Every structure is written in structure tokens, then in C-alpha cells.
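To keep things clear, I will list the structure first and then write my remarks on it.
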Amino acid sequence: MHARTLTEAGTMGGAMPDVDARAPGTPSVPLTFRDALLAAGLLIETGVRGLYGRSATFESIADGVNAIMTRLGRDHDAEVLRFPPAMGQADFETSEYLKSFPQLAGIIHSFCGDDKGHRRLLARLEDKEDWSDMQRPAGVVFTPAACYPVYPVIARRGPLPEGGKVVDAMSYCYRHEPSLEPTRMQLFRQREYVCLGTPERILAFRQLWIERARQLGEALQLPVKIDVANDPFFGRGGKIVAECQREAKLKFELLIPVNDGAPPTACMSFNYHMDHFGVLWNLRTADGNTAHTGCAGVGIERLVLALLRHHGLDPARWPQAVRDTLWGG
Ligand code: ATP
Ligand code: ZN
């Protein structure tokens with residue numbers, strides 16, 4: 001977790017002025033990184049903090065990042081699992097996400113009334129009154145992390161195969177953390193490898209990915225640092241949980257400076273959950289013990305933004321070696 005307030009100042013709504021389009025003599029105001037991304041059309045403003053459209057150029061970099069992850073993880077012989085960016089409410093409840101991060105969850109609601117109710121809803125809209133109390137939970141919740149839908153599905157199959165297994169997961173994820181930092185979005189993609197098995201297997205898997213991330217930083221010519229981290233567990237009790245997580249070195253992050261004047265941003269994370277999900281989902285190893293789990297993943301948008309920050313907004317002009325790593329196949 002990093003300071004969220006440093007770049008919270010700024011103007012929302014309306015396109016930022018394009019520096020080049022300014023009349024000569026107009027005093028120049030330095031663009032923030034976010035302004036520059038919007039002005040270049042790489043991110044597209046929607047009027048909501050942390051909710052952006054992406055341009056073809058942005059997406060081609062995202063595709064490159066995904067392709068690298070596929071290459072790096074090929075030796076896992078992972079099972080590819082893709083889900084829409086939502087989970088059923090029952091699985092979401094079992095995951096205990098609301099215990100740790102109630103402030104981040106996104107619950108989907110829908111109108112469930114009759115004709116009369118619909119007329120009331122339209123009248124409220126007409127009068128610009130609040131209508132949100134006329135919505136009911138739809139039984140579907142935004143996926144908070146790409147690995148979350150994986151555990152219940154694997155658990156329902158019964159014990160893991162001998163030696164455990166690795167799943168390749170990718171999803172748009174929702175977190176309610178509206179921000180002016182372009183790296184802190186409400187909807188973004190995570191590409192993760194999820195390892196399920198014995199503690200030894202998970203720790204070896206995580207170490208392998210920490211090494212791979214270091215090499216990836218070098219190949220992409222980015223100034224990366226790996227450090228221990230903790231999650232933003234909610235409330236006073238959460239502070240203690242976060243401290244324990246940090247002390248036990250359960251989470252490492254790959255950090256890259258991206259935002260103006262802010263500490264470096266976590267672009268990848270490497271997590272050891274111990275038996276947390278194993279207990280919640282009754283995940284078992286082949287010999288009947290509670291499985292341990294871990295995941296190694298990249299925040300696709302954050303890595304794209306790190307590349308744009310360090311190599312410039314026009315990928316055609318990036319160092320050839322970086323281009324080859326992304327798109328060389
Ligand atoms: P942070 O500490 O910055 O809040 P995190 O450590 O809570 O991030 P994780 O839960 O580990 O993030 O999520 C895995 C990856 O997803 C992160 O390494 C990051 O790259 C990406 N990610 C997390 N939150 C966001 C967000 N709000 N917008 C874009 N990417 C994100
Ligand atoms: Zn995960």
C-alpha cells in the first residue's frame with residue numbers, strides 16, 4: 001500500500017488543455033502524468049475517477065504485457081481459467097473479502113420492482129432525487145482479485161492432483177478506490193498465476209516469480225525494486241493483520257516510480273496466503289492435508305503506465321529491445 005493522498009489534488013471533468021494547442025504566449029502549466037495520458041488519448045476520460053477507456057495503443061501495450069506473462073509462465077503447464085469480472089454472492093461471502101476489505105468491494109444492484117415501482121423510479125429520476133434505495137443486490141459481486149473465482153472452482157473438483165497445480169487467471173477487477181492517480185483505477189486487469197499445493201511448493205513458486213519479475217524489469221528497462229508489503233485491511237483490527245502480513249513476509253511487490261512526486265507504485269505482487277483459502281474452501285492436497293496457496297500477478301494497467309512513464313507516450317519510439325520483449329513473440 002502506498003500513500004493515496006499525494007496526487008489527489010487536481011481538476012476533474014473536462015479534457016485537460018493540450019499543451020501544443022495553446023496560443024503562443026500562454027503561460028505553460030506543467031501537465032500531470034494523468035493529464036498527459038488523457039491529452040494523448042491513451043486513457044479516455046469518463047467523468048468518474050478511476051474509470052477510463054483505453055486506446056488501441058494502450059491496449060496493444062497491454063497485449064504485450066499479457067504475452068510476456070504467458071511466455072514467462074509457460075513452464076508451469078498451467079490450466080487457463082477465465083471468468084467474467086464477477087462472482088456469485090455465495091462464493092464472495094465464503095471468501096471473507098468483506099471481513100478484510102469492505103471498503104473496496106463492489107456489489108452489483110438491480111431494479112427488481114413492478115410497473116408501479118418503475119413509475120416511481122422514473123419520477124425520482126425526473127425530479128433528480130436519489131433512486132438508489134430502489135435497487136436490490138443482484139446476487140453478483142465484482143471480482144476483487146483475479147484469483148478469487150479460482151479457489152471455489154478448484155475446491156469443488158475434490159483433492160488437488162499429486163504435486164498440486166498452477167492456474168493461469170486473468171480478470172478485470174473492481175476496487176472502490178476512486179483516485180486521480182492514474183495507477184489507482186476502479187476497474188483494472190490482473191493477470192495472475194495461482195499455485196495450490198504444499199507450503200514448500202508455494203514458497204518455491206513465489207521465489208521463482210520474484211526472480212522472474214526482476215529479470216522482466218531489466219528486459220523492459222524499468223527501475224524496479226522488490227519489497228515486502230501489506231494489504232489495506234480495514235479498520236483498527238486491520239492494522240494488526242497488516243503488520244502480521246508484513247512481518248511474516250507474506251506479500252512482496254515489484255515497485256516502479258510512476259506517479260508525479262509519489263512513492264513507487266506496486267505493479268506486480270507475489271503472495272503467500274498460507275492455508276487461508278485452503279481452510280475457507282476446504283482445498284485439499286492429494287494426501288488429504290489442507291492445501292496452501294499463493295499467487296503471482298501483474299496489474300496490467302499499472303505496468304503499461306510504468307512503460308509509458310519511463311519510455312514516453314509513443315511506443316514507436318521506445319528502445320528496440322523493450323519493443324522486442326513486448327511484441328517480439
Ligand atoms: P496497492 O498497494 O497499490 O493498493 P495492492 O498491493 O493492494 O495495491 P494487490 O491486491 O496486490 O494490490 O493487487 C495485485 C496487483 O493489482 C497490484 O500489484 C497492482 O499491480 C494491481 N492493482 C491493485 N490495485 C489497483 C488499482 N486500484 N488500479 C490498478 N491496478 C491495481
Ligand atoms: Zn491473487
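We label chains A, B, ... in the order they appear in the C-alpha cells, count residues from 1 in each chain, and number ligands from 1 in the order shown.
For ligand 2, the set of protein, DNA and RNA residues within 10 Å, based on only C-alpha atoms and all ligand atoms, reads Pro144, Ala145, Ala146, Cys147, Tyr148, Pro149, Val150, Ala169, Met170, Gln190, Arg191, Glu192, Tyr193, Val194, Cys195, Ser269, Phe270, Asn271, Tyr272, His273, Thr293, Gly294, Cys295, Ala296, Gly297 and Val298 of chain A.
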Please write out the residues within 10 Å of ligand 1 as JSON, numbers by chain, counting only C-alpha atoms and all ligand atoms.
{"A": [1, 2, 3, 4, 50, 51, 104, 144, 145, 146, 147, 172, 173, 174, 175, 176, 177, 178, 179, 181, 182, 183, 184, 185, 186, 187, 188, 189, 190, 191, 192, 229, 230, 231, 232, 233, 251, 252, 253, 254, 255, 264, 265, 266, 267, 268, 269, 270, 271, 295, 296, 297, 298, 299, 300, 301, 302, 303, 305]}
*Test item: residues at most 12 Å from region 118-122 of chain A, only C-alpha atoms, excluding those fewer than 6 positions along its chain, as a VMD selection string*: chain A and resid 110 to 112 128 to 135
Run DSSP on the backbone and tell me which residues of region 195-303 of chain A come out as helix (DSSP H, G or I); list them as a PyMOL selection string. chain A and resi 199-219+235-247+276-281+300-303
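For the choices A:Val80, A:Pro152, A:Asn259, A:Asn66, the atom-to-atom distance to Leu180 (chain A) is smallest for A:Asn259 when using only C-alpha atoms.
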note - CA of Leu196 (chain A) and CA of Leu160 (chain A) are separated by 7.8 Å
Correct to one decimal, the distance CA of Ala67 (chain A)-CA of Ile202 (chain A) is 23.4 Å
Quiz prompt | Residues flagged strand (DSSP E) by DSSP in region 7-241 of chain A, as a PyMOL selection string | solution = chain A and resi 43-45+52-54+79-82+86-88+107-111+135-142+165-174+187-197+225-228
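Atom pair CA of Arg54 (chain A) / CA of Leu42 (chain A): separated by 5.9 Å.
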Residue contacts of Ile107 (chain A) (8 Å, only C-alpha atoms) excluding same-chain residues fewer than 3 positions away, as a PyMOL selection string:
chain A and resi 137+140-142
